[in-house]
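As stored in target35.cif (mmCIF, C-alpha atoms):
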data_upload
loop_
_atom_site.label_atom_id
_atom_site.label_comp_id
_atom_site.auth_asym_id
_atom_site.auth_seq_id
_atom_site.Cartn_x
_atom_site.Cartn_y
_atom_site.Cartn_z
CA MET A 27 -24.00 -6.45 6.00
CA ALA A 28 -23.41 -7.54 2.42
CA PRO A 29 -26.33 -8.91 0.39
CA PRO A 30 -26.56 -12.66 -0.16
CA ALA A 31 -24.90 -14.20 -3.19
CA ASP A 32 -28.18 -14.71 -5.04
CA SER A 33 -29.12 -11.02 -5.03
CA GLY A 34 -27.30 -10.15 -8.26
CA VAL A 35 -24.79 -7.85 -6.57
CA THR A 36 -21.41 -7.17 -8.18
CA VAL A 37 -18.34 -6.91 -5.96
CA VAL A 38 -15.38 -4.86 -7.17
CA VAL A 39 -11.95 -6.08 -6.10
CA VAL A 40 -9.22 -3.45 -6.27
CA ALA A 41 -5.77 -5.04 -6.50
CA GLY A 42 -2.44 -3.39 -5.78
CA GLY A 43 -1.13 -3.15 -9.35
CA ASP A 44 -1.96 -0.27 -11.66
CA PRO A 45 -4.30 2.32 -10.08
CA PRO A 46 -7.77 2.28 -11.67
CA THR A 47 -8.25 4.89 -14.37
CA PRO A 48 -11.11 7.42 -14.31
CA ALA A 49 -12.61 5.60 -17.30
CA GLU A 50 -12.61 2.29 -15.41
CA VAL A 51 -14.18 3.89 -12.34
CA ALA A 52 -16.87 5.48 -14.50
CA ARG A 53 -17.80 2.05 -15.93
CA LEU A 54 -18.27 0.43 -12.52
CA PRO A 55 -21.74 -0.24 -11.10
CA VAL A 56 -23.20 2.54 -8.97
CA ASP A 57 -22.21 2.29 -5.29
CA PRO A 58 -20.48 -1.08 -5.61
CA ILE A 59 -19.30 -3.22 -2.73
CA VAL A 60 -15.52 -2.74 -2.84
CA VAL A 61 -12.94 -5.19 -1.50
CA ALA A 62 -9.35 -3.94 -1.52
CA ALA A 63 -6.33 -6.24 -1.70
CA ASP A 64 -3.59 -4.62 0.39
CA ALA A 65 -2.22 -1.62 -1.58
CA GLY A 66 -5.46 -1.68 -3.54
CA LEU A 67 -6.85 0.22 -0.55
CA ASP A 68 -4.76 3.29 -1.43
CA HIS A 69 -5.74 2.99 -5.10
CA ALA A 70 -9.43 2.67 -4.24
CA VAL A 71 -9.44 5.66 -1.89
CA ALA A 72 -7.55 7.79 -4.42
CA ALA A 73 -10.19 6.87 -7.02
CA GLY A 74 -13.01 7.94 -4.70
CA LEU A 75 -14.27 4.42 -3.97
CA ALA A 76 -15.63 3.57 -0.53
CA VAL A 77 -13.94 0.35 0.62
CA ALA A 78 -16.06 -2.12 2.59
CA VAL A 79 -13.25 -4.56 3.39
CA ALA A 80 -9.46 -4.45 3.05
CA VAL A 81 -7.69 -7.80 3.09
CA GLY A 82 -4.05 -8.91 2.97
CA ASP A 83 -0.85 -8.85 4.96
CA MET A 84 -0.85 -5.04 4.83
CA ASP A 85 2.80 -4.84 3.81
CA SER A 86 2.30 -2.49 0.87
CA MET A 87 -0.60 -0.20 1.76
CA SER A 88 0.36 3.13 3.30
CA PRO A 89 0.09 3.59 7.09
CA GLU A 90 -1.96 6.72 6.40
CA GLY A 91 -4.33 4.76 4.18
CA LEU A 92 -4.75 2.04 6.77
CA ALA A 93 -5.45 4.55 9.54
CA ALA A 94 -7.97 6.43 7.37
CA ALA A 95 -9.69 3.17 6.46
CA LYS A 96 -10.10 2.26 10.11
CA ARG A 97 -11.55 5.68 10.88
CA SER A 98 -14.04 5.41 8.02
CA GLY A 99 -15.33 2.02 9.21
CA THR A 100 -13.61 -0.19 6.63
CA ARG A 101 -13.30 -3.74 7.94
CA ILE A 102 -9.66 -4.85 8.05
CA GLU A 103 -8.79 -8.52 7.56
CA ARG A 104 -5.07 -8.83 8.27
CA HIS A 105 -3.21 -12.02 7.32
CA PRO A 106 0.33 -13.14 8.18
CA ALA A 107 3.09 -12.17 5.77
CA ASP A 108 4.14 -15.84 5.55
CA LYS A 109 1.05 -17.14 3.77
CA ASP A 110 0.31 -19.46 0.86
CA GLN A 111 -2.07 -17.10 -0.97
CA THR A 112 -1.55 -13.74 -2.64
CA ASP A 113 -3.51 -10.76 -1.39
CA LEU A 114 -5.62 -10.86 -4.57
CA GLU A 115 -6.50 -14.51 -3.98
CA LEU A 116 -7.60 -13.68 -0.43
CA ALA A 117 -9.71 -10.81 -1.76
CA LEU A 118 -11.34 -13.03 -4.39
CA GLU A 119 -12.09 -15.65 -1.75
CA LEU A 120 -13.96 -13.03 0.25
CA ALA A 121 -15.66 -11.43 -2.76
CA SER A 122 -16.91 -14.78 -4.06
CA ARG A 123 -18.91 -15.19 -0.85
CA LEU A 124 -20.58 -11.79 -1.15
CA ALA A 125 -21.96 -11.72 -4.69
CA ASP A 126 -22.39 -13.63 -7.91
CA SER A 127 -20.33 -11.29 -10.09
CA VAL A 128 -16.80 -9.98 -9.46
CA ILE A 129 -14.88 -7.32 -11.35
CA VAL A 130 -11.15 -7.08 -10.62
CA ILE A 131 -9.35 -3.82 -11.35
CA GLY A 132 -5.71 -2.95 -10.73
CA ALA A 133 -4.39 -6.48 -11.29
CA GLY A 134 -1.95 -5.45 -14.03
CA GLY A 135 1.31 -3.52 -13.94
CA GLY A 136 4.34 -4.16 -11.82
CA ARG A 137 5.95 -7.59 -11.78
CA LEU A 138 5.36 -10.15 -14.53
CA ASP A 139 5.14 -13.02 -12.02
CA HIS A 140 2.36 -11.18 -10.19
CA LEU A 141 0.44 -10.69 -13.45
CA ILE A 142 0.75 -14.37 -14.38
CA GLY A 143 -0.31 -15.42 -10.89
CA ASN A 144 -3.25 -13.00 -10.93
CA LEU A 145 -4.54 -14.30 -14.27
CA ALA A 146 -4.18 -17.90 -13.09
CA VAL A 147 -6.05 -17.34 -9.83
CA LEU A 148 -9.00 -15.78 -11.68
CA ALA A 149 -9.84 -19.25 -13.00
CA SER A 150 -9.68 -21.07 -9.67
CA PRO A 151 -12.42 -23.69 -9.27
CA ARG A 152 -13.22 -22.10 -5.91
CA TRP A 153 -15.04 -19.32 -7.75
CA THR A 154 -17.27 -21.71 -9.69
CA GLY A 155 -20.72 -20.17 -9.92
CA VAL A 156 -19.31 -16.62 -9.81
CA ASP A 157 -18.82 -14.55 -12.98
CA VAL A 158 -15.27 -13.19 -12.78
CA GLU A 159 -13.52 -10.72 -15.04
CA ALA A 160 -10.50 -8.43 -14.76
CA TRP A 161 -9.97 -5.03 -16.34
CA LEU A 162 -6.30 -4.68 -17.25
CA GLY A 163 -5.52 -1.32 -18.78
CA ASN A 164 -6.97 -1.43 -22.29
CA ALA A 165 -8.03 -5.08 -22.06
CA ARG A 166 -10.63 -7.25 -20.36
CA ALA A 167 -9.95 -10.81 -19.24
CA VAL A 168 -13.21 -12.74 -18.80
CA VAL A 169 -13.38 -16.19 -17.21
CA VAL A 170 -15.74 -18.55 -19.06
CA ARG A 171 -16.74 -21.74 -17.23
CA HIS A 172 -20.06 -22.57 -18.87
CA HIS A 173 -21.44 -19.77 -21.07
CA ARG A 174 -20.71 -16.05 -21.39
CA SER A 175 -21.88 -13.45 -23.87
CA LEU A 176 -19.03 -11.02 -24.51
CA ASP A 177 -19.83 -7.40 -25.33
CA VAL A 178 -17.39 -6.44 -28.08
CA GLU A 179 -16.99 -3.97 -30.89
CA PRO A 180 -17.26 -5.51 -34.38
CA GLY A 181 -13.73 -6.10 -35.58
CA ALA A 182 -12.29 -6.29 -32.05
CA THR A 183 -9.70 -8.92 -31.28
CA VAL A 184 -10.88 -11.79 -29.07
CA SER A 185 -8.33 -14.33 -27.82
CA LEU A 186 -9.36 -17.53 -26.06
CA PHE A 187 -6.95 -19.33 -23.72
CA ALA A 188 -7.53 -22.68 -22.02
CA LEU A 189 -6.40 -22.61 -18.39
CA GLY A 190 -5.47 -25.59 -16.25
CA GLY A 191 -6.01 -28.16 -19.01
CA PRO A 192 -7.73 -28.65 -22.38
CA ALA A 193 -11.13 -27.00 -22.83
CA ARG A 194 -13.98 -28.00 -25.14
CA VAL A 195 -15.32 -24.79 -26.66
CA THR A 196 -18.13 -23.58 -28.89
CA ALA A 197 -17.85 -19.93 -29.94
CA SER A 198 -19.95 -17.83 -32.31
CA GLY A 199 -19.92 -14.22 -33.43
CA LEU A 200 -16.26 -14.62 -34.41
CA ALA A 201 -14.51 -14.66 -37.77
CA TRP A 202 -13.25 -18.18 -37.00
CA PRO A 203 -16.00 -19.87 -34.96
CA LEU A 204 -15.45 -22.98 -32.87
CA ASP A 205 -17.89 -25.90 -32.85
CA ASP A 206 -17.36 -28.18 -29.85
CA GLU A 207 -13.62 -28.07 -30.42
CA ILE A 208 -10.68 -28.58 -28.06
CA LEU A 209 -8.34 -25.73 -27.15
CA ASP A 210 -5.12 -26.85 -25.54
CA PRO A 211 -3.37 -24.67 -22.92
CA LEU A 212 -0.04 -25.29 -24.66
CA SER A 213 -1.29 -24.09 -28.05
CA SER A 214 -1.77 -20.61 -29.53
CA ARG A 215 -4.76 -21.63 -31.64
CA GLY A 216 -7.24 -19.37 -29.84
CA VAL A 217 -5.13 -16.22 -30.16
CA SER A 218 -6.28 -13.21 -32.23
CA ASN A 219 -9.74 -14.21 -33.37
CA ARG A 220 -11.97 -11.34 -34.48
CA ALA A 221 -15.49 -10.31 -33.51
CA THR A 222 -17.99 -10.06 -36.36
CA ALA A 223 -20.83 -8.54 -34.32
CA SER A 224 -21.44 -6.57 -31.13
CA SER A 225 -21.65 -9.77 -29.10
CA ALA A 226 -19.70 -13.01 -29.14
CA ALA A 227 -20.99 -16.13 -27.41
CA VAL A 228 -18.56 -18.58 -25.81
CA SER A 229 -19.69 -21.89 -24.30
CA VAL A 230 -17.42 -24.33 -22.49
CA SER A 231 -18.57 -27.90 -21.84
CA GLU A 232 -15.23 -29.01 -20.37
CA GLY A 233 -12.50 -26.96 -18.75
CA VAL A 234 -12.09 -23.21 -18.28
CA ILE A 235 -11.42 -20.45 -20.81
CA LEU A 236 -9.94 -17.00 -20.32
CA ALA A 237 -11.30 -14.66 -23.02
CA VAL A 238 -9.04 -11.65 -23.52
CA ILE A 239 -10.48 -8.66 -25.32
CA PRO A 240 -7.96 -5.85 -26.02
#
Render the structure in this file as structure tokens.
Amino acid sequence: MAPPADSGVTVVVVAGGDPPTPAEVARLPVDPIVVAADAGLDHAVAAGLAVAVAVGDMDSMSPEGLAAAKRSGTRIERHPADKDQTDLELALELASRLADSVIVIGAGGGRLDHLIGNLAVLASPRWTGVDVEAWLGNARAVVVRHHRSLDVEPGATVSLFALGGPARVTASGLAWPLDDEILDPLSSRGVSNRATASSAAVSVSEGVILAVIP
């Protein structure tokens, strides 16, 4: 049984986009709880990750992968193909109940509409209270609801995007800091800031921010 949400456990969600790279797998916590979103099951198994739960309509995972998962004791949560949520959204819904920190890998690649939908669902208010971030190839997308300290290399690009509406933001450790200022979702003002130290602090008093660190 999974630990309660207050135990500090990180859940890794493997989506069905790009397979996780060896470098991404090496950065994951030791022996993480892994939730696979449909074809993410095949990606997770190929990467050597033990999957606790596979969720989705199972239309894109391989029959061999599904059979192997059942034999290994992976719990399968099958949903109808005609559903209102993507497989990643279903996986996040489950993961948010298991831990207080979620890392999504494999959410990039493939169709542009899937990528846009995946980035949007990361900021759903249903995950309030859960630290969520996605690793997308050579970039990280970190959801900031209240306060997050971002580990960055000095000189790295940091872009801040308001999602769902305007966000009131204070940010330090950047070449162009923000002091209780409004970022609008229909503006490019937060794009291509630059880290001046090994950590940047972002606080949001209203709204939600997606911090993208290439």
**Asked** Which one is closest to A:Ala146: A:Val234, A:Ala121, A:Ile102, A:Val81? Count all atoms listed in the file.
**Response**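 Counting all atoms listed in the file, the residue closest to A:Ala146 is A:Val234.
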**Item:** Among listed residues A:Ser225, A:Ser86, A:Ser231, A:Thr112, nearest A:Val147 (using all atoms listed in the file)
**Value:**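 The shortest atom-to-atom distance to A:Val147 comes from A:Thr112.
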**Request:** Taking the file above as input, evaluate the PyMOL selection byres ((chain A and resi 74) around 12) and report the hits as number ranges by chain.
**Result:** A: 45-48, 51-52, 57-58, 60, 67-73, 75-77
**Prompt:** Do you have the atom CA of A:Val158-atom CA of A:Ile239 distance handy?
**Reply:**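 Result for atom CA of A:Val158 versus atom CA of A:Ile239: 14.2 Å, one decimal.
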**Message:** Please determine, counting only C-alpha atoms, which residue among A:Arg194, A:Ala237, A:Ile208, A:Arg97 has the shortest atom-to-atom distance to A:Arg166.
**Reply:** A:Ala237
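Proximity of A:Ala160, A:Leu200, A:Ala221, A:Ile131 to A:Val178, computed with only C-alpha atoms, is greatest for A:Ala221.
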**Fill in**
Nearest to A:Pro151, restricted to all atoms listed in the file and choosing among A:Asp110, A:Pro180, A:Gly233, A:Ser224, comes out as A:Gly233
**Asked** Quick one: which residues end up in the PyMOL selection byres ((chain A and resi 213) around 12) for this structure, as an NGL selection string?
**Response** :A and (186-189 or 191-193 or 208-212 or 214-217)
Report as an mmCIF file with C-alpha atoms, in the coordinates of the input the full result of the PyMOL selection byres ((chain A and resi 98) around 12) when it is applied to this structure.
data_model
loop_
_atom_site.group_PDB
_atom_site.id
_atom_site.type_symbol
_atom_site.label_atom_id
_atom_site.label_comp_id
_atom_site.auth_asym_id
_atom_site.auth_seq_id
_atom_site.Cartn_x
_atom_site.Cartn_y
_atom_site.Cartn_z
ATOM 1 C CA VAL A 71 -9.440 5.660 -1.890
ATOM 2 C CA ALA A 76 -15.630 3.570 -0.530
ATOM 3 C CA VAL A 77 -13.940 0.350 0.620
ATOM 4 C CA ALA A 78 -16.060 -2.120 2.590
ATOM 5 C CA VAL A 79 -13.250 -4.560 3.390
ATOM 6 C CA ALA A 80 -9.460 -4.450 3.050
ATOM 7 C CA GLY A 91 -4.330 4.760 4.180
ATOM 8 C CA LEU A 92 -4.750 2.040 6.770
ATOM 9 C CA ALA A 93 -5.450 4.550 9.540
ATOM 10 C CA ALA A 94 -7.970 6.430 7.370
ATOM 11 C CA ALA A 95 -9.690 3.170 6.460
ATOM 12 C CA LYS A 96 -10.100 2.260 10.110
ATOM 13 C CA ARG A 97 -11.550 5.680 10.880
ATOM 14 C CA GLY A 99 -15.330 2.020 9.210
ATOM 15 C CA THR A 100 -13.610 -0.190 6.630
ATOM 16 C CA ARG A 101 -13.300 -3.740 7.940
ATOM 17 C CA ILE A 102 -9.660 -4.850 8.050
#
